[in-house]
$ cat coords_39.txt   # compact mmCIF, C-alpha atoms
# COMPACT_ATOMS: atom_id res chain seq x y z
CA MET F 1008 0.00 0.00 0.00
CA SER F 1009 1.43 3.40 -0.99
CA THR F 1010 2.24 6.02 1.64
CA LEU F 1011 -0.18 8.43 -0.05
CA LYS F 1012 -3.09 6.03 0.32
CA LYS F 1013 -2.18 5.42 3.94
CA CYS F 1014 -2.05 9.15 4.60
CA ILE F 1015 -5.43 9.71 2.97
CA ALA F 1016 -6.85 7.01 5.24
CA GLU F 1017 -5.26 8.60 8.32
CA PHE F 1018 -6.57 12.01 7.30
CA ILE F 1019 -10.10 10.67 6.91
CA GLY F 1020 -9.97 8.70 10.16
CA THR F 1021 -8.71 11.61 12.25
CA PHE F 1022 -11.21 13.96 10.60
CA VAL F 1023 -14.06 11.66 11.62
CA LEU F 1024 -12.64 11.19 15.13
CA VAL F 1025 -12.51 14.91 15.83
CA LEU F 1026 -15.79 15.82 14.13
CA PHE F 1027 -17.84 13.09 15.77
CA GLY F 1028 -15.96 12.73 19.06
CA CYS F 1029 -15.42 16.39 19.86
CA GLY F 1030 -18.70 17.24 18.17
CA THR F 1031 -20.59 14.94 20.50
CA ALA F 1032 -18.82 16.49 23.48
CA VAL F 1033 -20.05 19.90 22.35
CA VAL F 1034 -23.66 19.01 21.57
CA VAL F 1035 -24.24 17.06 24.80
CA GLY F 1036 -22.59 19.82 26.83
CA ALA F 1037 -19.49 17.89 27.89
CA LYS F 1038 -17.64 20.18 30.26
CA MET F 1039 -14.72 19.65 32.56
CA SER F 1040 -14.70 20.25 36.35
CA GLY F 1041 -17.47 17.78 37.13
CA GLU F 1042 -20.28 19.76 35.48
CA LEU F 1043 -21.10 17.01 33.00
CA SER F 1044 -23.95 14.59 33.69
CA THR F 1045 -23.41 10.85 33.78
CA ALA F 1046 -25.28 10.54 30.49
CA GLY F 1047 -23.01 13.18 28.97
CA TYR F 1048 -19.88 11.39 30.12
CA LEU F 1049 -21.01 8.07 28.70
CA THR F 1050 -22.31 9.53 25.45
CA THR F 1051 -19.06 11.37 24.78
CA ALA F 1052 -16.90 8.39 25.76
CA LEU F 1053 -18.95 6.09 23.53
CA ALA F 1054 -18.73 8.51 20.63
CA PHE F 1055 -14.93 8.42 20.68
CA GLY F 1056 -14.89 4.65 21.10
CA LEU F 1057 -17.42 4.00 18.35
CA VAL F 1058 -15.50 6.17 15.91
CA ILE F 1059 -12.47 3.96 16.46
CA VAL F 1060 -14.56 0.84 15.85
CA ALA F 1061 -16.06 2.29 12.66
CA MET F 1062 -12.72 3.50 11.33
CA ALA F 1063 -10.86 0.32 12.28
CA TYR F 1064 -13.16 -1.73 10.07
CA SER F 1065 -13.15 0.79 7.23
CA ILE F 1066 -9.58 2.12 6.93
CA GLY F 1067 -7.77 -0.40 9.12
CA ASN F 1068 -6.66 -2.49 6.16
CA VAL F 1069 -5.20 0.59 4.49
CA SER F 1070 -3.21 2.35 7.21
CA GLY F 1071 -3.77 0.34 10.37
CA CYS F 1072 -6.11 3.08 11.62
CA HIS F 1073 -3.71 4.83 13.98
CA ILE F 1074 -5.44 8.25 13.68
CA ASN F 1075 -3.32 9.30 16.66
CA PRO F 1076 0.36 10.36 16.79
CA ALA F 1077 0.71 8.60 20.18
CA VAL F 1078 -0.21 5.30 18.55
CA SER F 1079 2.05 5.99 15.59
CA ILE F 1080 5.08 6.76 17.77
CA ALA F 1081 4.52 3.50 19.66
CA MET F 1082 4.34 1.60 16.38
CA LEU F 1083 7.56 3.29 15.30
CA ILE F 1084 9.32 2.16 18.48
CA VAL F 1085 8.14 -1.46 18.15
CA LYS F 1086 9.29 -1.34 14.50
CA LYS F 1087 5.87 -1.70 12.93
CA LEU F 1088 6.16 1.67 11.21
CA SER F 1089 9.02 3.29 9.29
CA VAL F 1090 10.35 6.73 10.09
CA LYS F 1091 9.11 7.98 6.73
CA ASP F 1092 5.59 6.67 7.29
CA PHE F 1093 5.59 7.95 10.87
CA ALA F 1094 6.28 11.51 9.72
CA ALA F 1095 3.69 11.23 6.95
CA TYR F 1096 1.09 9.74 9.29
CA VAL F 1097 1.49 12.53 11.86
CA ILE F 1098 1.13 15.24 9.22
CA ALA F 1099 -1.99 13.55 7.83
CA GLN F 1100 -3.44 13.10 11.31
CA VAL F 1101 -2.92 16.75 12.27
CA LEU F 1102 -4.40 17.99 9.00
CA GLY F 1103 -7.37 15.65 9.37
CA ALA F 1104 -7.96 16.85 12.92
CA ILE F 1105 -7.80 20.50 11.84
CA ALA F 1106 -10.28 19.81 9.05
CA GLY F 1107 -12.63 18.12 11.54
CA SER F 1108 -12.42 21.06 13.93
CA ALA F 1109 -12.95 23.50 11.06
CA VAL F 1110 -16.21 21.78 10.10
CA LEU F 1111 -17.31 21.66 13.74
CA PHE F 1112 -16.48 25.35 14.11
CA ALA F 1113 -18.55 26.15 11.01
CA LEU F 1114 -21.48 24.19 12.44
CA VAL F 1115 -21.58 25.39 16.05
CA GLY F 1116 -19.07 28.22 16.47
CA LYS F 1117 -16.79 28.27 19.48
CA GLU F 1118 -19.06 29.78 22.14
CA ASN F 1119 -19.50 26.42 23.87
CA GLY F 1120 -16.01 25.20 23.00
CA LEU F 1121 -14.97 22.66 20.41
CA GLY F 1122 -14.15 19.76 22.71
CA GLU F 1123 -10.79 21.23 23.64
CA ASN F 1124 -8.84 19.95 26.62
CA GLY F 1125 -8.12 21.84 29.83
CA LEU F 1126 -5.83 21.54 32.82
CA TYR F 1127 -7.20 19.73 35.87
CA ASN F 1128 -7.51 22.26 38.70
CA GLY F 1129 -5.06 24.43 36.77
CA SER F 1130 -2.27 21.92 37.46
CA ILE F 1131 0.17 21.11 34.68
CA GLY F 1132 1.71 18.28 36.70
CA LEU F 1133 -1.54 16.48 37.53
CA SER F 1134 -2.88 16.93 34.01
CA PHE F 1135 0.37 15.61 32.54
CA LEU F 1136 0.27 12.59 34.83
CA VAL F 1137 -3.35 11.81 34.00
CA GLU F 1138 -2.71 11.99 30.27
CA VAL F 1139 0.42 9.83 30.41
CA ILE F 1140 -1.45 7.11 32.32
CA LEU F 1141 -4.56 7.24 30.12
CA THR F 1142 -2.52 7.17 26.93
CA CYS F 1143 -0.27 4.37 28.13
CA VAL F 1144 -3.27 2.19 28.96
CA PHE F 1145 -4.92 2.94 25.62
CA VAL F 1146 -1.80 2.37 23.51
CA LEU F 1147 -1.00 -0.85 25.39
CA ALA F 1148 -4.46 -2.08 24.37
CA VAL F 1149 -3.71 -1.13 20.77
CA LEU F 1150 -0.36 -2.94 20.81
CA GLY F 1151 -1.86 -6.01 22.43
CA ALA F 1152 -4.85 -6.16 20.11
CA THR F 1153 -2.66 -5.88 17.01
CA ALA F 1154 0.17 -8.14 18.19
CA LYS F 1155 -1.16 -11.24 16.43
CA LYS F 1156 -2.92 -11.56 13.08
CA GLU F 1157 -5.55 -13.84 14.59
CA ASN F 1158 -6.65 -10.92 16.78
CA GLY F 1159 -7.61 -8.99 13.67
CA PRO F 1160 -11.38 -9.60 13.63
CA ALA F 1161 -11.79 -8.38 17.21
CA ALA F 1162 -9.05 -5.73 17.31
CA GLY F 1163 -11.31 -2.84 16.39
CA LEU F 1164 -13.76 -3.67 19.16
CA VAL F 1165 -11.00 -4.01 21.75
CA ILE F 1166 -9.35 -0.73 20.78
CA GLY F 1167 -12.66 1.11 20.63
CA GLY F 1168 -13.58 -0.27 24.02
CA ALA F 1169 -10.24 0.83 25.46
CA LEU F 1170 -10.71 4.36 24.15
CA THR F 1171 -14.19 4.46 25.67
CA LEU F 1172 -12.76 3.28 28.99
CA VAL F 1173 -10.07 5.96 29.24
CA HIS F 1174 -12.59 8.63 28.31
CA ILE F 1175 -15.01 7.58 31.05
CA LEU F 1176 -12.32 8.34 33.63
CA GLY F 1177 -10.40 11.07 31.86
CA ILE F 1178 -13.19 13.47 30.83
CA TYR F 1179 -13.58 14.65 34.41
CA PHE F 1180 -9.90 15.55 34.74
CA THR F 1181 -8.76 16.95 31.39
CA GLY F 1182 -11.50 16.23 28.88
CA THR F 1183 -9.31 13.30 27.79
CA SER F 1184 -6.77 13.85 25.07
CA VAL F 1185 -4.63 10.70 24.64
CA ASN F 1186 -4.16 12.09 21.12
CA PRO F 1187 -2.02 15.14 20.25
CA ALA F 1188 -3.77 15.76 16.92
CA ARG F 1189 -7.22 15.63 18.54
CA SER F 1190 -6.08 18.21 21.13
CA LEU F 1191 -4.19 20.59 18.87
CA ALA F 1192 -6.96 21.12 16.33
CA PRO F 1193 -9.74 22.50 18.57
CA ALA F 1194 -7.21 24.55 20.55
CA ILE F 1195 -6.19 26.35 17.36
CA PHE F 1196 -9.77 27.47 16.75
CA VAL F 1197 -10.69 28.22 20.37
CA GLY F 1198 -7.43 29.95 21.29
CA GLY F 1199 -6.92 31.45 24.73
CA ASP F 1200 -6.22 29.07 27.61
CA ALA F 1201 -6.85 26.03 25.41
CA LEU F 1202 -4.04 27.03 23.08
CA SER F 1203 -1.66 28.15 25.82
CA CYS F 1204 -1.76 24.76 27.56
CA VAL F 1205 -2.13 22.55 24.49
CA TRP F 1206 1.54 21.59 24.72
CA VAL F 1207 0.63 19.44 27.73
CA PHE F 1208 -1.85 17.52 25.62
CA ILE F 1209 0.69 17.05 22.86
CA LEU F 1210 3.69 16.04 24.95
CA ALA F 1211 1.94 13.91 27.60
CA PRO F 1212 0.19 11.57 25.13
CA LEU F 1213 3.43 11.15 23.20
CA CYS F 1214 5.18 10.22 26.46
CA GLY F 1215 2.35 7.81 27.24
CA GLY F 1216 2.71 6.20 23.82
CA ILE F 1217 6.45 5.85 24.24
CA LEU F 1218 5.98 4.33 27.70
CA ALA F 1219 3.48 1.82 26.33
CA ALA F 1220 5.92 0.81 23.60
CA ILE F 1221 8.73 0.36 26.13
CA ILE F 1222 6.48 -1.83 28.29
CA ALA F 1223 5.39 -3.82 25.25
CA LYS F 1224 9.00 -4.44 24.21
CA ALA F 1225 10.10 -5.32 27.75
CA THR F 1226 7.26 -7.81 28.21
CA LYS F 1227 7.48 -9.07 24.60
CA LEU F 1228 3.84 -8.11 24.16
CA HIS F 1229 4.46 -6.89 20.64
CA GLU F 1230 7.22 -8.55 18.67

$ encode --input "coords_39.txt" --output "structure tokens"
Amino acid sequence: MSTLKKCIAEFIGTFVLVLFGCGTAVVVGAKMSGELSTAGYLTTALAFGLVIVAMAYSIGNVSGCHINPAVSIAMLIVKKLSVKDFAAYVIAQVLGAIAGSAVLFALVGKENGLGENGLYNGSIGLSFLVEVILTCVFVLAVLGATAKKENGPAAGLVIGGALTLVHILGIYFTGTSVNPARSLAPAIFVGGDALSCVWVFILAPLCGGILAAIIAKATKLHE
């Protein structure tokens, strides 16, 4: 499969993730700081998880359906992705996320946010810690689900379920990033505090992805 086709798939997948995931967060009123209802938490978490399931079974055979730089950097470390493809994937993912946020912005404006992330209690340290843990758990699930070819038929469900899981916990604290592209795009359009702290939601997920890859290599989870 050519790199161009893979990048188109990653662009489409990340576009859908941001539009439907962040879009659901906006329309159900998903806010941080404990203001969100239980139904809102679950609806938003399910939206992100279901997007992964849908994309895994539609573009998975083309690009592997990373749609997340944290997943791609883990795949690079475990040698399932070349440096060239890693760079191309990340560019495609960021552009897809920006396109998704642009459409969402055109639909609802930014008055109620665009599903951007925010610091937990204003703490960079706690927010960083939360995102590293959430991302590590999610990426470990991705690495485990894709470790063997026979896992293929169920991999999308497992990965989607894992993303739902980390969102159920993480929305309260940071809005849940676990994906630098998903965080950068809405922050660009919203600006302000979201943009000033977006580096946390870029760096922490990447660290979480790297940590997951190190654990996977050390435990021979993904060879």

$ closest_atom_pairs --input "coords_39.txt" --of "range 1018-1094 of chain F" --to "range 1134-1154 of chain F" --cutoff "9 Å" --atoms "only C-alpha atoms" --output "JSON lines"
{"residue": "F:Ala1077", "atom": "CA", "partner": "F:Val1146", "partner_atom": "CA", "distance": 7.5}
{"residue": "F:Val1078", "atom": "CA", "partner": "F:Val1146", "partner_atom": "CA", "distance": 6.0}
{"residue": "F:Ala1081", "atom": "CA", "partner": "F:Val1146", "partner_atom": "CA", "distance": 7.5}
{"residue": "F:Met1082", "atom": "CA", "partner": "F:Leu1150", "partner_atom": "CA", "distance": 7.9}

$ write_last_selection --input "coords_39.txt" --atoms "C-alpha atoms" --output "PDB file, in the coordinates of the input"
ATOM      1  CA  ALA F1077       0.710   8.600  20.180  1.00  0.00           C
ATOM      2  CA  VAL F1078      -0.210   5.300  18.550  1.00  0.00           C
ATOM      3  CA  ALA F1081       4.520   3.500  19.660  1.00  0.00           C
ATOM      4  CA  MET F1082       4.340   1.600  16.380  1.00  0.00           C
TER       5      MET F1082
END

$ residues_around --input "coords_39.txt" --residues "Leu1024 in chain F" --least-positions-apart "3" --cutoff "10 Å" --atoms "all atoms listed in the file" --output "number ranges by chain"
F: 1018-1021, 1027-1030, 1054-1059, 1061-1062, 1074-1075, 1103-1104, 1107-1108, 1189

$ closest_residue --input "coords_39.txt" --among "F:Ala1099, F:Ala1223, F:Ile1195, F:Val1185" --to "Lys1117 in chain F" --atoms "all atoms listed in the file"
F:Ile1195

$ closest_residue --input "coords_39.txt" --among "F:Gly1047, F:Asn1128, F:Leu1121, F:Asn1068" --to "Pro1193 in chain F" --atoms "all atoms listed in the file"
F:Leu1121

$ atom_distance --input "coords_39.txt" --atom1 "CA of Val1115 in chain F" --atom2 "CA of Tyr1179 in chain F"
22.7 Å

$ residues_around --input "coords_39.txt" --residues "Gly1168 in chain F" --least-positions-apart "3" --cutoff "9 Å" --atoms "all atoms listed in the file" --output "PyMOL selection string"
chain F and resi 1053+1056-1057+1059-1060+1163-1165+1171-1173

$ closest_residue --input "coords_39.txt" --among "F:Val1205, F:Ile1175, F:Leu1210, F:Cys1014" --to "Ile1066 in chain F" --atoms "only C-alpha atoms"
F:Cys1014
